[in-house]
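Q: My file is model_0.cif. It has mmCIF, C-alpha atoms (C1' of nucleotides):
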```cif
data_structure
#
loop_
_atom_site.label_atom_id
_atom_site.label_comp_id
_atom_site.auth_asym_id
_atom_site.auth_seq_id
_atom_site.Cartn_x
_atom_site.Cartn_y
_atom_site.Cartn_z
CA MET A 14 163.04 137.59 87.34
CA ALA A 15 161.90 140.22 84.94
CA SER A 16 163.10 138.57 81.76
CA ALA A 17 161.90 139.85 78.42
CA THR A 18 158.96 137.49 78.34
CA SER A 19 157.67 138.74 81.66
CA PHE A 20 156.56 141.94 80.05
CA PRO A 21 154.73 141.05 76.85
CA ARG A 22 153.53 144.64 76.52
CA GLN A 23 157.01 146.01 76.01
CA GLN A 24 157.59 144.74 72.49
CA PRO A 25 154.53 146.20 70.73
CA LEU A 26 155.04 149.53 72.42
CA LEU A 27 158.72 149.69 71.59
CA GLN A 28 158.08 148.74 67.98
CA LEU A 29 155.44 151.40 67.66
CA LEU A 30 157.93 154.00 68.87
CA GLN A 31 160.56 152.77 66.47
CA GLN A 32 158.20 152.84 63.52
CA THR A 33 157.10 156.37 64.26
CA ASP A 34 158.95 159.47 63.19
CA GLY A 35 159.25 161.95 66.00
CA GLU A 36 158.16 161.57 69.58
CA LEU A 37 154.94 160.19 70.98
CA SER A 38 153.16 160.99 74.21
CA ALA A 39 151.78 158.28 76.46
CA GLN A 40 148.26 159.28 75.45
CA GLU A 41 149.09 159.01 71.77
CA LEU A 42 150.69 155.62 72.31
CA HIS A 43 147.58 154.50 74.12
CA GLN A 44 145.38 155.66 71.24
CA ARG A 45 147.51 154.01 68.59
CA LEU A 46 147.73 150.72 70.44
CA ARG A 47 143.95 150.60 70.69
CA ALA A 48 143.86 150.51 66.92
CA THR A 49 146.02 147.38 66.88
CA ARG A 50 145.48 143.98 68.41
CA HIS A 51 147.78 145.05 71.24
CA SER A 52 145.23 147.29 72.92
CA THR A 53 146.48 148.25 76.36
CA GLY A 54 145.16 150.18 79.33
CA LEU A 55 146.52 153.66 79.89
CA ALA A 56 147.98 152.76 83.29
CA THR A 57 149.91 149.93 81.70
CA VAL A 58 151.22 152.20 78.97
CA TYR A 59 152.74 154.36 81.69
CA ARG A 60 154.07 151.33 83.55
CA VAL A 61 155.72 149.92 80.44
CA LEU A 62 157.17 153.27 79.46
CA LYS A 63 158.83 153.52 82.84
CA GLN A 64 160.25 150.01 82.47
CA LEU A 65 161.59 150.73 79.00
CA GLN A 66 163.10 153.95 80.22
CA GLN A 67 164.87 152.28 83.13
CA ALA A 68 166.05 149.53 80.80
CA GLY A 69 167.74 152.16 78.69
CA LEU A 70 165.61 151.48 75.63
CA VAL A 71 163.48 154.60 75.58
CA ARG A 72 164.14 158.22 76.36
CA CYS A 73 161.71 160.84 77.47
CA ARG A 74 161.41 164.59 77.73
CA LYS A 75 158.79 167.01 79.00
CA LEU A 76 157.18 169.50 76.67
CA PRO A 77 156.41 172.99 77.97
CA SER A 78 152.76 171.93 77.93
CA GLY A 79 153.62 169.44 80.65
CA GLU A 80 153.13 166.26 78.70
CA ALA A 81 155.97 163.80 78.34
CA VAL A 82 157.00 162.49 74.94
CA TYR A 83 158.96 159.33 74.26
CA ALA A 84 161.31 158.02 71.59
CA PRO A 85 163.87 155.23 71.20
CA VAL A 86 167.17 156.08 72.92
CA ASP A 87 169.18 155.73 69.76
CA ARG A 88 167.20 158.62 68.26
CA ASP A 89 169.77 161.29 69.08
CA GLU A 90 167.68 164.36 68.33
CA HIS A 91 167.39 167.61 70.21
CA HIS A 92 165.20 170.67 69.89
CA LEU A 93 164.70 174.40 69.77
CA THR A 94 161.60 175.50 71.65
CA CYS A 95 159.90 178.89 71.50
CA VAL A 96 159.06 180.07 75.00
CA GLN A 97 156.23 182.18 73.65
CA CYS A 98 154.27 180.15 71.11
CA GLY A 99 155.62 176.70 71.89
CA LEU A 100 156.91 176.06 68.38
CA ILE A 101 159.41 173.20 68.24
CA GLN A 102 162.13 172.80 65.64
CA ALA A 103 164.74 170.11 65.30
CA LEU A 104 168.26 171.00 66.37
CA PRO A 105 170.69 168.90 64.33
CA LEU A 106 173.38 169.02 66.95
CA CYS A 107 174.31 166.94 69.95
CA PRO A 108 176.76 167.88 72.70
CA ILE A 109 177.49 164.22 73.44
CA SER A 110 177.95 162.82 69.95
CA SER A 111 180.03 165.85 69.01
CA GLY A 112 182.44 164.20 71.39
CA SER A 113 184.04 167.38 72.58
CA LEU A 114 182.50 167.13 76.01
CA GLY A 115 184.79 165.76 78.69
CA LEU A 116 182.33 163.42 80.30
CA GLY A 117 184.61 161.59 82.65
CA ALA A 118 183.61 159.08 85.28
CA VAL A 119 184.44 161.66 87.92
CA LEU A 120 181.67 163.93 86.75
CA LEU A 121 179.15 161.12 86.64
CA GLN A 122 179.70 160.30 90.30
CA GLY A 123 178.62 156.70 89.97
CA PHE A 124 175.69 157.43 87.70
CA ARG A 125 175.13 155.02 84.86
CA PRO A 126 173.93 157.31 82.07
CA LEU A 127 171.00 156.06 80.00
CA PHE A 128 170.11 159.06 77.89
CA HIS A 129 170.39 162.82 77.81
CA THR A 130 168.35 165.82 76.77
CA PHE A 131 169.62 169.06 75.34
CA GLU A 132 167.27 171.89 74.48
CA ILE A 133 167.58 175.51 73.56
CA HIS A 134 164.70 177.76 74.54
CA GLY A 135 164.20 181.12 72.93
CA LEU A 136 162.00 183.15 70.62
CA CYS A 137 161.17 181.90 67.15
CA SER A 138 161.48 184.37 64.30
CA ARG A 139 157.73 184.91 64.16
CA CYS A 140 157.45 185.79 67.84
CA GLN A 141 160.43 188.15 67.51
CA GLN A 142 158.52 190.02 64.79
CA HIS A 143 155.42 190.33 66.95
CA GLU A 144 157.51 191.60 69.79
CA ILE A 145 158.88 194.39 67.65
CA ALA A 146 155.48 195.25 66.24
CA GLY A 147 153.85 195.22 69.68
CA ASP A 148 156.27 197.63 71.28
CA GLU A 149 159.88 197.91 72.33
CA MET B 27 155.18 199.54 76.70
CA ALA B 28 156.16 197.00 79.25
CA SER B 29 158.85 198.99 80.99
CA ALA B 30 160.23 197.75 84.25
CA THR B 31 157.78 199.79 86.30
CA SER B 32 154.78 198.28 84.55
CA PHE B 33 155.38 195.01 86.31
CA PRO B 34 156.11 195.79 89.94
CA ARG B 35 155.92 192.10 90.81
CA GLN B 36 158.92 191.21 88.71
CA GLN B 37 161.60 192.70 90.94
CA PRO B 38 160.80 190.94 94.23
CA LEU B 39 160.41 187.63 92.48
CA LEU B 40 163.64 187.97 90.56
CA GLN B 41 165.53 188.99 93.66
CA LEU B 42 164.19 186.03 95.56
CA LEU B 43 165.45 183.71 92.83
CA GLN B 44 168.84 185.36 92.85
CA GLN B 45 169.17 185.14 96.59
CA THR B 46 168.30 181.46 96.64
CA ASP B 47 170.73 178.65 95.98
CA GLY B 48 169.30 176.12 93.61
CA GLU B 49 166.03 176.20 91.77
CA LEU B 50 162.58 177.11 93.03
CA SER B 51 159.20 175.95 91.84
CA ALA B 52 156.33 178.35 91.31
CA GLN B 53 154.62 176.98 94.39
CA GLU B 54 157.72 177.53 96.51
CA LEU B 55 158.10 181.06 95.21
CA HIS B 56 154.48 181.70 96.09
CA GLN B 57 155.02 180.39 99.62
CA ARG B 58 158.16 182.40 100.19
CA LEU B 59 156.66 185.62 98.86
CA ARG B 60 153.75 185.26 101.27
CA ALA B 61 156.24 185.50 104.09
CA THR B 62 157.46 188.87 102.82
CA ARG B 63 155.64 192.12 102.24
CA HIS B 64 155.46 191.23 98.54
CA SER B 65 152.77 188.60 98.96
CA THR B 66 151.42 187.66 95.56
CA GLY B 67 148.66 185.45 94.21
CA LEU B 68 149.66 182.17 92.67
CA ALA B 69 148.26 183.14 89.27
CA THR B 70 150.44 186.22 89.26
CA VAL B 71 153.51 184.23 90.20
CA TYR B 72 152.96 182.16 87.08
CA ARG B 73 152.30 185.26 84.97
CA VAL B 74 155.44 186.99 86.16
CA LEU B 75 157.55 183.88 85.70
CA LYS B 76 156.43 183.71 82.10
CA GLN B 77 157.31 187.38 81.60
CA LEU B 78 160.74 186.97 83.14
CA GLN B 79 161.35 183.89 81.07
CA GLN B 80 160.44 185.63 77.83
CA ALA B 81 162.54 188.60 78.84
CA GLY B 82 165.53 186.29 79.08
CA LEU B 83 166.02 186.85 82.80
CA VAL B 84 164.90 183.51 84.13
CA ARG B 85 165.26 179.96 82.92
CA CYS B 86 163.07 177.01 83.65
CA ARG B 87 163.13 173.23 83.47
CA LYS B 88 160.68 170.47 84.20
CA LEU B 89 161.39 167.91 86.87
CA PRO B 90 160.37 164.29 86.29
CA SER B 91 157.65 164.90 88.88
CA GLY B 92 156.08 167.33 86.45
CA GLU B 93 156.70 170.53 88.33
CA ALA B 94 158.71 173.32 86.78
CA VAL B 95 161.64 174.90 88.61
CA TYR B 96 163.12 178.31 87.93
CA ALA B 97 166.48 180.00 88.33
CA PRO B 98 168.25 183.12 87.02
CA VAL B 99 169.54 182.60 83.46
CA ASP B 100 173.12 183.32 84.38
CA ARG B 101 173.06 180.29 86.68
CA ASP B 102 174.66 177.92 84.19
CA GLU B 103 174.07 174.66 86.02
CA HIS B 104 172.96 171.31 84.69
CA HIS B 105 171.94 168.04 86.28
CA LEU B 106 172.11 164.29 86.55
CA THR B 107 168.73 162.74 87.26
CA CYS B 108 168.02 159.19 88.36
CA VAL B 109 165.14 157.76 86.36
CA GLN B 110 164.28 155.41 89.19
CA CYS B 111 164.39 157.31 92.46
CA GLY B 112 164.41 160.85 91.12
CA LEU B 113 167.66 161.81 92.82
CA ILE B 114 169.21 164.93 91.34
CA GLN B 115 172.91 165.77 91.36
CA ALA B 116 174.70 168.77 89.95
CA LEU B 117 176.61 168.24 86.71
CA PRO B 118 179.49 170.71 86.63
CA LEU B 119 179.65 170.78 82.86
CA CYS B 120 178.00 172.82 80.14
CA PRO B 121 177.98 172.04 76.42
CA ILE B 122 177.56 175.71 75.56
CA SER B 123 180.11 177.33 77.82
CA SER B 124 182.61 174.61 76.93
CA GLY B 125 182.50 176.38 73.62
CA SER B 126 183.19 173.34 71.54
CA LEU B 127 179.71 173.26 70.11
CA GLY B 128 179.35 174.73 66.65
CA LEU B 129 176.21 176.71 67.31
CA GLY B 130 176.01 178.72 64.13
CA ALA B 131 173.19 180.97 63.02
CA VAL B 132 172.28 178.38 60.42
CA LEU B 133 171.36 175.86 63.08
CA LEU B 134 169.31 178.37 65.00
CA GLN B 135 167.09 179.08 62.02
CA GLY B 136 166.11 182.55 63.16
CA PHE B 137 165.66 181.58 66.79
CA ARG B 138 166.91 184.03 69.36
CA PRO B 139 168.25 181.76 72.11
CA LEU B 140 167.43 182.75 75.67
CA PHE B 141 168.60 179.76 77.67
CA HIS B 142 169.30 176.06 77.33
CA THR B 143 168.89 172.90 79.34
CA PHE B 144 171.18 169.88 79.38
CA GLU B 145 170.41 166.86 81.46
CA ILE B 146 171.70 163.35 81.76
CA HIS B 147 169.23 160.74 82.93
CA GLY B 148 170.38 157.42 84.28
CA LEU B 149 170.62 155.27 87.37
CA CYS B 150 172.26 156.56 90.51
CA SER B 151 174.73 154.29 92.25
CA ARG B 152 172.21 153.32 94.91
CA CYS B 153 169.59 152.23 92.40
CA GLN B 154 172.20 150.25 90.49
CA GLN B 155 172.94 148.31 93.67
CA HIS B 156 169.27 147.55 94.23
CA GLU B 157 168.95 146.40 90.66
CA ILE B 158 171.77 143.90 91.13
CA ALA B 159 170.39 142.72 94.45
CA GLY B 160 166.87 142.39 93.08
CA ASP B 161 167.79 140.23 90.15
CA GLU B 162 169.71 140.28 86.88
"C1'" DG C 20 143.22 121.38 88.47
"C1'" DC C 21 144.83 124.59 92.33
"C1'" DT C 22 147.28 128.37 94.57
"C1'" DA C 23 150.39 132.38 94.93
"C1'" DG C 24 152.07 136.12 92.96
"C1'" DA C 25 152.54 139.28 89.21
"C1'" DA C 26 150.32 141.94 85.62
"C1'" DC C 27 146.42 144.27 84.05
"C1'" DG C 28 142.51 147.73 83.23
"C1'" DA C 29 138.85 150.87 84.61
"C1'" DC C 30 138.31 154.43 87.25
"C1'" DA C 31 139.26 157.62 91.03
"C1'" DA C 32 142.52 160.73 92.99
"C1'" DC C 33 146.22 164.01 92.59
"C1'" DC C 34 148.37 168.21 91.71
"C1'" DA C 35 150.77 171.71 88.96
"C1'" DT C 36 149.17 174.85 85.90
"C1'" DT C 37 145.83 177.71 83.45
"C1'" DC C 38 141.44 180.06 83.06
"C1'" DT C 39 137.71 183.08 84.64
"C1'" DC C 40 135.92 187.06 86.30
"C1'" DA C 41 135.01 190.54 89.48
"C1'" DC C 42 137.78 193.92 91.83
"C1'" DT C 43 141.53 197.38 92.32
"C1'" DC C 44 144.95 200.43 90.79
"C1'" DT C 45 146.94 203.59 87.62
"C1'" DT C 46 146.69 207.06 84.16
"C1'" DG C 47 145.05 210.75 81.38
"C1'" DG C 48 141.22 213.94 80.40
"C1'" DG C 49 137.99 216.99 81.49
"C1'" DC D 28 139.37 216.96 91.98
"C1'" DC D 29 136.42 213.54 89.62
"C1'" DC D 30 135.66 210.20 86.17
"C1'" DA D 31 136.38 206.61 82.70
"C1'" DA D 32 139.31 203.22 80.37
"C1'" DG D 33 142.62 199.91 80.51
"C1'" DA D 34 145.89 196.98 82.76
"C1'" DG D 35 147.07 194.21 86.66
"C1'" DT D 36 145.61 191.23 90.34
"C1'" DG D 37 143.81 187.32 93.29
"C1'" DA D 38 140.58 183.68 94.71
"C1'" DG D 39 138.74 179.94 93.23
"C1'" DA D 40 137.15 176.89 89.52
"C1'" DA D 41 138.51 174.17 85.66
"C1'" DT D 42 141.85 171.51 83.08
"C1'" DG D 43 144.55 167.64 81.93
"C1'" DG D 44 148.51 164.58 82.23
"C1'" DT D 45 149.97 161.33 85.39
"C1'" DT D 46 149.70 158.20 89.33
"C1'" DG D 47 147.24 155.36 92.73
"C1'" DT D 48 143.65 151.90 93.93
"C1'" DC D 49 141.64 147.68 93.81
"C1'" DG D 50 139.21 143.87 92.06
"C1'" DT D 51 140.03 140.76 88.11
"C1'" DT D 52 142.92 138.05 84.98
"C1'" DC D 53 146.91 135.67 83.68
"C1'" DT D 54 151.12 132.81 84.55
"C1'" DA D 55 154.12 129.59 86.85
"C1'" DG D 56 154.91 125.95 89.78
"C1'" DC D 57 153.06 122.09 92.06
#
```
Here is a file; write its structure as structure tokens.
A:
Amino acid sequence: MASATSFPRQQPLLQLLQQTDGELSAQELHQRLRATRHSTGLATVYRVLKQLQQAGLVRCRKLPSGEAVYAPVDRDEHHLTCVQCGLIQALPLCPISSGSLGLGAVLLQGFRPLFHTFEIHGLCSRCQQHEIAGDE
Amino acid sequence: MASATSFPRQQPLLQLLQQTDGELSAQELHQRLRATRHSTGLATVYRVLKQLQQAGLVRCRKLPSGEAVYAPVDRDEHHLTCVQCGLIQALPLCPISSGSLGLGAVLLQGFRPLFHTFEIHGLCSRCQQHEIAGDE
DNA sequence: GCTAGAACGACAACCATTCTCACTCTTGGG
DNA sequence: CCCAAGAGTGAGAATGGTTGTCGTTCTAGC
């Protein structure tokens, strides 16, 4: 079966994610791996990322730009995103770890949760200024 | 300034979203508008969606497939998504409306929040079965 | 060694989204 | 009423991240 050794590409990629602050896109991972002795084709990077995600080791979210960024699942970080300029700020707050959410088995309907995303979209202070200056 | 009448395309599009259960992609909105007397170019659909989003009238999230889907902001629904087959189920639970989240001004750092997304990714019951059958 | 099957990489294909640019519509003067 | 300026629009091209294809390489079992 698909034991750990069957996918020798998983380890280097996972380590790279763990060693890196913040999130990395598949393209960035591909670039960085080229610089090491674990150089890997882009298609394989995507394949391995999907495996790691389904194994519950890596989480993923889509930026407004459309690219997906990845991080280890244990990295419980969420974000504020400006819908105008795309600015991203960390949101030191998690609805799950705060514990106050009644996430019973009933609500999960048989789902086995692997990771979650929580994002607040709005206008950053700079874009609010521009809005006022522009009109309104 | 950008008063309501300056953007005559906003109303039909917004109404269409409000009349529709669930979320619509830009492409779907474009298709459906063609069938009405408010036919609109695809580029304009995207332009208007961005306007409505920045005006705080419409929210948006990215599906794993990469396409963005839109809904009225007041539609406070969240989702379970299967990372394997892409199945989406409603998650009748919201970390914001549950109120238990300490979302103070400090955390928002000047952001004016417009909408939020909360998603749980995991394996649906069907894909868990397959996983067991396949190996492991 | 030899074969079957999985994994891999280079490259093509895909497709949602964004960009371009010529055209139209509205608005305010003259 | 006509004209000019600016904003809005749409068709189609361009973009770019992601996925598919397919021949090659690697691994496991014999």
Q: Please identify all polymer residues within 8 Å of Leu104 of chain A, counting all atoms listed in the file, omitting same-chain residues fewer than 3 positions from it, and present them as a PyMOL selection string.
A: (chain A and resi 90-93) or (chain B and resi 133-134)
Q: Counting all atoms listed in the file, which residues of chain C sit at most 12 Å from some atom of chain B, and what is each one's closest atom pair with its distance in Å to one decimal, listed by chain and rising residue number, as a tab-separated table?
A:
```
residue	atom	partner	partner_atom	distance
C:DC34	C1'	B:Glu93	CA	9.3
C:DA35	C1'	B:Glu93	CA	6.1
C:DT36	C1'	B:Tyr72	CA	8.3
C:DT37	C1'	B:Ala69	CA	8.3
C:DC38	C1'	B:Ala69	CA	9.7
C:DT39	C1'	B:Ala69	CA	11.5
C:DC44	C1'	B:Ser32	CA	11.8
C:DT45	C1'	B:Ser32	CA	10.0
C:DT46	C1'	B:Ser32	CA	11.9
```
Q: Run through the PyMOL selection byres ((chain A) within 6 of (chain B)) on the given coordinates and return the selected residues as a list in words.
A: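 Applying the PyMOL selection byres ((chain A) within 6 of (chain B)) to the structure shown produces Pro108, Gly123, Phe124, Arg125, Pro126, Leu127, Phe128, His129, Thr130, Phe131, Glu132, Ile133, His134, Gly135, Leu136, Cys137, Ser138 and Asp148 of chain A.
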Q: Please provide the set of residues having any atom within 12 Å of segment 27-32 of chain C, restricted to all atoms listed in the file, with same-chain residues fewer than 6 positions apart removed, written as a list in words.
A: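 Contacts, in chain order: Phe20, Pro21, Arg22, Ser52, Thr53, Gly54, Leu55, Ala56, Thr57, Val58, Arg60 and Val61 of chain A; DT45, DT46, DG47, DT48, DC49, DG50, DT51, DT52 and DC53 of chain D.
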Q: For chain B, work out the contacting residues on chain D at 9 Å, counting all atoms listed in the file, and write them as an NGL selection string.
A: :D and (35-38 or 45)
Q: Write out as a list in words each polymer residue whose atoms come within 10 Å of DC57 of chain D, counting all atoms listed in the file; drop sequence neighbours fewer than 2 positions from it.
A: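 Non-adjacent residues within range: DC21 and DT22 of chain C; DA55 of chain D.
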Q: What is the atom CA of Val71 of chain A to atom CA of Tyr83 of chain A distance in Å?
A: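 Taking atom CA of Val71 of chain A and atom CA of Tyr83 of chain A, their separation equals 6.7 Å.
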Q: For atom C1' of DT42 of chain D and atom CA of Leu59 of chain B, determine how far apart the two atoms are, in Å to one decimal place.
A: 25.8 Å
Q: Hey, can you check how far atom C1' of DT43 of chain C sits from atom C1' of DA32 of chain D?
A: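 About the pair atom C1' of DT43 of chain C and atom C1' of DA32 of chain D: they are 13.5 Å apart.
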